[in-house]
file model.csv (CSV, C-alpha atoms)
chain,number,residue,atom,x,y,z
A,1,MET,CA,163.6,136.4,31.2
A,2,ASN,CA,164.3,139.0,28.5
A,3,HIS,CA,161.7,137.7,26.1
A,4,LEU,CA,159.1,137.7,28.9
A,5,GLU,CA,159.9,141.2,29.9
A,6,GLN,CA,159.6,142.4,26.3
A,7,PHE,CA,156.3,140.7,25.9
A,8,LEU,CA,154.7,142.0,29.1
A,9,GLY,CA,156.2,145.5,28.8
A,10,GLY,CA,158.1,147.8,31.2
A,11,ASP,CA,155.2,148.4,33.5
A,12,TRP,CA,155.4,144.9,34.9
A,13,GLN,CA,157.8,143.9,37.7
A,14,ILE,CA,158.9,140.3,37.2
A,15,ARG,CA,160.8,138.2,39.7
A,16,PRO,CA,161.5,134.4,39.9
A,17,ALA,CA,158.9,132.4,41.9
A,18,GLY,CA,161.4,129.8,42.9
A,19,GLY,CA,161.0,126.1,42.2
A,20,ALA,CA,163.3,123.4,40.8
A,21,THR,CA,163.0,124.3,37.1
A,22,GLY,CA,163.5,128.1,37.3
A,23,GLU,CA,160.7,128.5,34.8
A,24,ALA,CA,158.2,130.2,37.1
A,25,TYR,CA,157.7,133.9,37.8
A,26,ILE,CA,155.6,136.4,39.7
A,27,ALA,CA,154.6,139.5,37.7
A,28,GLU,CA,153.2,142.6,39.3
A,29,GLN,CA,151.7,145.8,37.9
A,30,GLY,CA,150.2,148.1,40.5
A,31,GLU,CA,147.7,146.0,42.5
A,32,GLN,CA,147.6,143.3,39.8
A,33,LYS,CA,149.6,140.2,40.5
A,34,ILE,CA,149.8,137.0,38.3
A,35,PHE,CA,151.7,133.8,38.3
A,36,ILE,CA,153.6,133.1,35.0
A,37,LYS,CA,155.2,129.9,33.9
A,38,ARG,CA,157.2,129.1,30.8
A,39,ASN,CA,156.5,125.9,28.9
A,40,SER,CA,154.1,124.6,31.6
A,41,SER,CA,151.9,121.5,31.3
A,42,PRO,CA,149.8,121.5,28.1
A,43,PHE,CA,146.9,120.2,30.3
A,44,LEU,CA,146.7,123.4,32.3
A,45,ALA,CA,143.4,124.5,30.6
A,46,VAL,CA,141.6,121.3,31.6
A,47,LEU,CA,143.1,121.4,35.1
A,48,SER,CA,142.0,125.1,35.5
A,49,ALA,CA,138.5,124.3,34.1
A,50,GLU,CA,138.0,121.6,36.7
A,51,GLY,CA,139.3,123.7,39.6
A,52,ILE,CA,142.3,121.6,40.2
A,53,VAL,CA,144.8,124.5,39.8
A,54,PRO,CA,144.3,128.3,40.1
A,55,LYS,CA,142.4,129.8,37.2
A,56,LEU,CA,144.2,130.1,33.8
A,57,LEU,CA,144.1,133.6,32.5
A,58,TRP,CA,145.8,133.4,29.2
A,59,THR,CA,148.4,131.4,27.1
A,60,LYS,CA,150.8,133.1,24.7
A,61,ARG,CA,153.7,132.0,22.4
A,62,LEU,CA,156.8,134.2,22.5
A,63,GLU,CA,159.0,135.0,19.6
A,64,ASN,CA,161.6,132.5,20.7
A,65,GLY,CA,159.1,129.7,20.6
A,66,ASP,CA,158.5,129.5,24.4
A,67,VAL,CA,154.9,129.1,25.5
A,68,ILE,CA,154.0,131.1,28.6
A,69,THR,CA,150.9,130.8,30.7
A,70,ALA,CA,149.4,133.3,33.2
A,71,GLN,CA,147.3,132.1,36.2
A,72,GLN,CA,145.4,133.9,38.9
A,73,TRP,CA,147.7,134.6,41.8
A,74,VAL,CA,146.4,133.0,45.0
A,75,ASP,CA,147.6,134.1,48.5
A,76,GLY,CA,147.6,130.7,50.0
A,77,ARG,CA,149.8,128.3,52.0
A,78,GLU,CA,151.4,125.0,51.2
A,79,LEU,CA,149.9,122.1,53.2
A,80,LYS,CA,152.1,120.8,56.0
A,81,ALA,CA,152.8,117.1,56.3
A,82,SER,CA,150.3,116.8,59.1
A,83,ASP,CA,147.6,118.3,56.9
A,84,MET,CA,147.7,115.4,54.4
A,85,ASN,CA,145.5,113.3,56.6
A,86,ARG,CA,142.6,115.6,55.8
A,87,HIS,CA,139.7,114.2,53.8
A,88,ASP,CA,139.5,117.1,51.4
A,89,VAL,CA,143.0,116.0,50.2
A,90,ALA,CA,141.5,112.5,49.5
A,91,ARG,CA,138.5,114.0,47.7
A,92,LEU,CA,140.6,116.3,45.5
A,93,LEU,CA,142.9,113.4,44.5
A,94,ALA,CA,139.8,111.2,43.8
A,95,LYS,CA,138.4,114.0,41.6
A,96,ILE,CA,141.7,114.1,39.6
A,97,HIS,CA,141.8,110.3,39.2
A,98,ARG,CA,138.2,110.2,38.0
A,99,SER,CA,138.4,113.1,35.5
A,100,ARG,CA,137.5,111.7,32.1
A,101,ASP,CA,138.2,115.1,30.4
A,102,LEU,CA,141.7,115.1,31.8
A,103,LEU,CA,142.4,111.5,30.8
A,104,GLU,CA,141.1,112.1,27.3
A,105,MET,CA,143.3,115.2,27.0
A,106,PHE,CA,146.4,113.2,28.0
A,107,LYS,CA,145.6,110.4,25.5
A,108,ARG,CA,145.1,112.9,22.7
A,109,MET,CA,148.5,114.4,23.5
A,110,GLY,CA,150.1,110.9,23.0
A,111,ASN,CA,150.8,110.2,26.6
A,112,THR,CA,151.7,106.5,26.9
A,113,PRO,CA,150.6,104.7,30.0
A,114,LEU,CA,153.4,104.1,32.6
A,115,LYS,CA,153.2,100.3,33.3
A,116,PRO,CA,154.9,98.4,36.1
A,117,GLU,CA,157.3,96.8,33.7
A,118,ASP,CA,158.4,100.2,32.5
A,119,ILE,CA,159.1,101.3,36.1
A,120,LEU,CA,160.9,98.1,36.9
A,121,TYR,CA,163.1,98.3,33.7
A,122,ASP,CA,164.1,101.9,34.6
A,123,ILE,CA,165.0,100.9,38.2
A,124,GLN,CA,167.0,97.9,37.0
A,125,LYS,CA,169.1,100.2,34.8
A,126,ARG,CA,169.6,102.9,37.4
A,127,CYS,CA,170.3,100.5,40.3
A,128,GLU,CA,172.7,98.3,38.3
A,129,ALA,CA,175.9,99.8,39.9
A,130,LEU,CA,174.4,99.9,43.4
A,131,ILE,CA,172.8,96.5,43.9
A,132,GLN,CA,176.1,94.7,43.7
A,133,SER,CA,177.2,96.1,47.0
A,134,ASP,CA,173.8,96.8,48.7
A,135,GLU,CA,172.0,93.6,49.9
A,136,GLU,CA,168.8,95.4,50.8
A,137,MET,CA,168.4,97.1,47.4
A,138,ASN,CA,169.1,93.7,45.8
A,139,ARG,CA,166.4,92.1,47.9
A,140,ALA,CA,164.0,94.9,47.1
A,141,LEU,CA,164.6,94.6,43.4
A,142,GLN,CA,164.1,90.9,43.5
A,143,TRP,CA,160.8,91.4,45.4
A,144,LEU,CA,159.6,93.9,42.8
A,145,GLU,CA,160.4,91.3,40.0
A,146,GLU,CA,158.5,88.5,41.8
A,147,ASN,CA,155.5,90.6,42.8
A,148,ARG,CA,154.8,92.7,39.7
A,149,PRO,CA,151.2,93.8,40.0
A,150,VAL,CA,148.5,92.7,37.7
A,151,TYR,CA,146.9,95.6,36.0
A,152,ASP,CA,144.4,96.7,33.4
A,153,VAL,CA,145.4,99.7,31.3
A,154,GLN,CA,141.7,100.6,31.0
A,155,GLU,CA,141.7,101.3,34.7
A,156,PHE,CA,144.7,103.7,34.5
A,157,VAL,CA,144.1,107.4,35.4
A,158,VAL,CA,145.9,110.7,35.2
A,159,CYS,CA,148.4,110.6,38.1
A,160,HIS,CA,150.1,113.7,39.4
A,161,ALA,CA,153.2,111.6,40.3
A,162,ASP,CA,154.6,114.1,42.9
A,163,VAL,CA,152.0,114.4,45.6
A,164,ASN,CA,154.5,116.0,48.0
A,165,HIS,CA,152.7,118.2,50.6
A,166,ASN,CA,154.5,121.3,49.1
A,167,ASN,CA,152.5,120.9,45.9
A,168,TRP,CA,149.1,121.3,47.8
A,169,ILE,CA,148.0,124.9,48.2
A,170,GLU,CA,145.0,126.0,50.2
A,171,CYS,CA,143.6,129.5,50.1
A,172,THR,CA,140.4,131.5,50.5
A,173,ILE,CA,139.0,133.4,47.5
A,174,ASN,CA,135.9,135.5,47.8
A,175,GLY,CA,135.1,133.9,51.1
A,176,LYS,CA,135.3,130.3,49.7
A,177,ASP,CA,138.0,127.9,50.8
A,178,ASP,CA,139.9,126.2,47.9
A,179,LEU,CA,142.5,123.5,47.7
A,180,TYR,CA,144.7,123.1,44.7
A,181,LEU,CA,147.3,120.6,43.5
A,182,ILE,CA,150.0,122.4,41.5
A,183,ASP,CA,153.2,121.5,39.5
A,184,TRP,CA,152.0,119.0,36.9
A,185,ASP,CA,155.2,118.8,34.9
A,186,GLY,CA,155.8,115.1,35.8
A,187,SER,CA,152.2,113.8,35.5
A,188,GLN,CA,151.6,110.4,34.0
A,189,VAL,CA,148.8,108.1,32.9
A,190,ALA,CA,149.2,105.2,35.4
A,191,ASP,CA,147.7,103.1,38.1
A,192,PRO,CA,146.1,105.2,40.8
A,193,ALA,CA,148.5,103.5,43.3
A,194,LEU,CA,151.3,105.6,41.8
A,195,ASP,CA,149.9,108.5,43.7
A,196,LEU,CA,148.2,106.7,46.6
A,197,ALA,CA,151.2,104.8,47.8
A,198,PRO,CA,153.5,107.7,48.6
A,199,LEU,CA,150.7,109.7,50.0
A,200,LEU,CA,149.6,107.0,52.5
A,201,TYR,CA,153.0,105.6,53.3
A,202,LEU,CA,154.7,109.0,53.8
A,203,TYR,CA,151.9,111.0,55.4
A,204,ILE,CA,149.0,109.0,56.8
A,205,PRO,CA,149.2,107.0,60.0
A,206,SER,CA,148.4,103.3,59.2
A,207,GLY,CA,145.4,103.4,61.6
A,208,ASP,CA,143.8,106.1,59.5
A,209,TRP,CA,144.3,104.5,56.1
A,210,HIS,CA,140.8,103.0,56.0
A,211,SER,CA,139.0,106.2,56.8
A,212,TRP,CA,141.2,108.2,54.4
A,213,MET,CA,140.5,105.7,51.6
A,214,GLN,CA,136.8,105.9,52.3
A,215,ALA,CA,136.9,109.6,51.7
A,216,TYR,CA,138.8,108.9,48.5
A,217,GLY,CA,136.1,106.5,47.5
A,218,LEU,CA,137.8,103.1,47.6
A,219,GLU,CA,137.7,100.2,50.0
A,220,LEU,CA,141.2,99.3,51.2
A,221,ASN,CA,141.6,95.6,50.4
A,222,ASP,CA,144.6,93.2,50.3
A,223,ALA,CA,145.0,93.6,46.5
A,224,LEU,CA,145.3,97.4,46.8
A,225,LEU,CA,147.6,97.1,49.8
A,226,MET,CA,149.9,94.8,47.9
A,227,LYS,CA,149.9,97.1,44.9
A,228,MET,CA,150.7,100.2,47.0
A,229,ARG,CA,153.6,98.3,48.6
A,230,TRP,CA,155.0,97.6,45.2
A,231,TYR,CA,154.8,101.2,44.0
A,232,MET,CA,156.2,102.5,47.2
A,233,MET,CA,159.2,100.1,47.1
A,234,ALA,CA,159.9,101.2,43.5
A,235,LEU,CA,159.7,104.9,44.6
A,236,ILE,CA,162.1,104.3,47.5
A,237,LEU,CA,164.7,102.7,45.2
A,238,GLU,CA,164.4,105.6,42.7
A,239,ASN,CA,165.0,108.0,45.6
A,240,ILE,CA,168.0,106.1,46.9
A,241,VAL,CA,169.6,106.2,43.5
A,242,TRP,CA,168.8,109.9,43.2
A,243,CYS,CA,170.4,110.7,46.6
A,244,GLU,CA,173.4,108.5,45.8
A,245,LYS,CA,174.2,110.3,42.6
A,246,ARG,CA,174.0,113.7,44.3
A,247,GLN,CA,176.0,112.5,47.4
A,248,ARG,CA,173.1,113.4,49.7
A,249,SER,CA,174.0,110.8,52.4
A,250,THR,CA,171.5,111.9,55.1
A,251,GLU,CA,168.5,111.7,52.7
A,252,ARG,CA,169.8,108.4,51.4
A,253,GLN,CA,169.9,107.0,54.9
A,254,GLU,CA,166.3,108.1,55.5
A,255,TRP,CA,165.1,106.3,52.3
A,256,THR,CA,167.2,103.2,53.2
A,257,LYS,CA,165.5,103.1,56.6
A,258,LYS,CA,162.1,103.3,54.8
A,259,LEU,CA,163.2,100.5,52.5
A,260,ARG,CA,164.2,98.3,55.5
A,261,GLU,CA,160.8,98.8,57.1
A,262,LEU,CA,159.0,98.0,53.9
A,263,LEU,CA,161.0,94.8,53.4
A,264,GLN,CA,160.1,93.6,56.9
call {"tool": "encode", "arguments": {"input": "model.csv", "output": "structure tokens"}}
result
Amino acid sequence: MNHLEQFLGGDWQIRPAGGATGEAYIAEQGEQKIFIKRNSSPFLAVLSAEGIVPKLLWTKRLENGDVITAQQWVDGRELKASDMNRHDVARLLAKIHRSRDLLEMFKRMGNTPLKPEDILYDIQKRCEALIQSDEEMNRALQWLEENRPVYDVQEFVVCHADVNHNNWIECTINGKDDLYLIDWDGSQVADPALDLAPLLYLYIPSGDWHSWMQAYGLELNDALLMKMRWYMMALILENIVWCEKRQRSTERQEWTKKLRELLQ
């Protein structure tokens, strides 16, 4: 934090903003308050321009080579799991997936598309030690291999890739209600189902899928359902491996239960 304190000057009070990376800070000077992040997504300017994240104020490079960004501080709240059924969530995700400017920016930055075979190869490597002793994981991996989705890279979009409810922030600015999707560090160019699958499977009651997808702007058909099942099963396997490595047995059991339901 020393370089950041030197750059902003002694009048600013800086404290960590939390988060997994430890790269985010809140800076205050009198009544002024801003959100600062070190080495954040290079696509922040486009995301800000399209109203997907809070307004970008400035970007600076520090002497040590770090790039820091300052964004407007918003006094909002994270969405709860029960909020994810709202149609404004569907509309914002659709806006992101249909943004041509965002997609072109990603491509210019050399972002290679994340294809199903890439996901499958990564899972096979990571699951290698586990599938020998776990019959359900073995069955799931076999299902993924046999049902790899057909895709067209031209239909790939910018996916957030972590649509957890904690990353959705709602607030009121100048009397106007706004909804943002933050934390773009893991974003990918991929099939839209990469975002749609976890959002629907983890948050939306199955009876509401059709109406939610109508708000998103797509008809829910058998092909899309099959594709979402594939991406969800892949995500579950990734999470099981993640929990296993960190010895988080309770979470692992929860993901294993979800895998069992999906296999049935």
call {"tool": "atom_distance", "arguments": {"input": "model.csv", "atom1": "CA of Ser82 (chain A)", "atom2": "CA of Ile204 (chain A)"}}
result
8.2 Å
call {"tool": "axis_aligned_box", "arguments": {"input": "model.csv", "around": "region 120-127 of chain A", "padding_each_side": "5 Å", "output": "lines of an AutoDock Vina configuration file"}}
result
center_x = 165.6
center_y = 100.4
center_z = 37.0
size_x = 19.4
size_y = 15.0
size_z = 16.6
call {"tool": "closest_residue", "arguments": {"input": "model.csv", "among": "A:Asn111, A:Asn85, A:Gln142, A:Ser40", "to": "Asp208 (chain A)", "atoms": "all atoms listed in the file"}}
result
A:Asn85
call {"tool": "closest_residue", "arguments": {"input": "model.csv", "among": "A:Gly175, A:Pro116, A:Pro198, A:Gly186", "to": "Asp152 (chain A)", "atoms": "all atoms listed in the file"}}
result
A:Pro116
call {"tool": "residues_around", "arguments": {"input": "model.csv", "residues": "Leu92 (chain A)", "least_positions_apart": "5", "cutoff": "9 Å", "atoms": "all atoms listed in the file", "output": "VMD selection string"}}
result
chain A and resid 52 87 97 179 to 181 216
call {"tool": "residues_near_point", "arguments": {"input": "model.csv", "point": "(167.5, 96.5, 50.1)", "cutoff": "10 Å", "atoms": "all atoms listed in the file", "output": "ChimeraX atom specification"}}
result
/A:131,134-143,233,236-237,256-263
call {"tool": "closest_residue", "arguments": {"input": "model.csv", "among": "A:Gln154, A:Ser187, A:Gln247, A:Gln264", "to": "Arg229 (chain A)", "atoms": "all atoms listed in the file"}}
result
A:Gln264
call {"tool": "atom_distance", "arguments": {"input": "model.csv", "atom1": "CA of Met226 (chain A)", "atom2": "CA of Leu202 (chain A)"}}
result
16.1 Å
call {"tool": "residues_around", "arguments": {"input": "model.csv", "residues": "Val53 (chain A)", "least_positions_apart": "2", "cutoff": "10 Å", "atoms": "all atoms listed in the file", "output": "list in words"}}
result
Leu44, Ala45, Val46, Leu47, Ser48, Ala49, Glu50, Gly51, Lys55, Leu56, Gln71, Gln72, Trp168, Ile169, Asp178, Leu179, Tyr180, Leu181, Ile182, Asp183 and Trp184 of chain A
call {"tool": "atom_distance", "arguments": {"input": "model.csv", "atom1": "CA of Gln214 (chain A)", "atom2": "CA of Ala94 (chain A)"}}
result
10.5 Å
call {"tool": "build_atoms", "arguments": {"input": "model.csv", "residues": "region 97-110 of chain A", "atoms": "N, CA and C atoms", "output": "compact mmCIF listing (two decimals), in the coordinates of the input"}}
result
# COMPACT_ATOMS: atom_id res chain seq x y z
N HIS A 97 141.75 111.70 39.75
CA HIS A 97 141.80 110.30 39.20
C HIS A 97 140.59 109.94 38.43
N ARG A 98 139.46 110.59 38.70
CA ARG A 98 138.20 110.20 38.00
C ARG A 98 137.82 111.16 36.91
N SER A 99 138.69 112.10 36.60
CA SER A 99 138.40 113.10 35.50
C SER A 99 138.54 112.44 34.16
N ARG A 100 137.44 112.27 33.47
CA ARG A 100 137.50 111.70 32.10
C ARG A 100 138.05 112.72 31.13
N ASP A 101 137.71 114.01 31.32
CA ASP A 101 138.20 115.10 30.40
C ASP A 101 139.74 115.12 30.47
N LEU A 102 140.28 115.04 31.67
CA LEU A 102 141.70 115.10 31.80
C LEU A 102 142.39 113.88 31.19
N LEU A 103 141.80 112.72 31.39
CA LEU A 103 142.40 111.50 30.80
C LEU A 103 142.33 111.54 29.29
N GLU A 104 141.21 111.99 28.73
CA GLU A 104 141.10 112.10 27.30
C GLU A 104 142.11 113.06 26.69
N MET A 105 142.33 114.17 27.39
CA MET A 105 143.30 115.20 27.00
C MET A 105 144.71 114.55 26.93
N PHE A 106 145.05 113.82 27.98
CA PHE A 106 146.40 113.20 28.00
C PHE A 106 146.53 112.19 26.89
N LYS A 107 145.50 111.42 26.61
CA LYS A 107 145.60 110.40 25.50
C LYS A 107 145.74 111.11 24.18
N ARG A 108 145.02 112.20 23.98
CA ARG A 108 145.10 112.90 22.70
C ARG A 108 146.51 113.49 22.49
N MET A 109 147.18 113.83 23.58
CA MET A 109 148.50 114.40 23.50
C MET A 109 149.58 113.30 23.34
N GLY A 110 149.14 112.04 23.21
CA GLY A 110 150.10 110.90 23.00
C GLY A 110 150.77 110.45 24.23
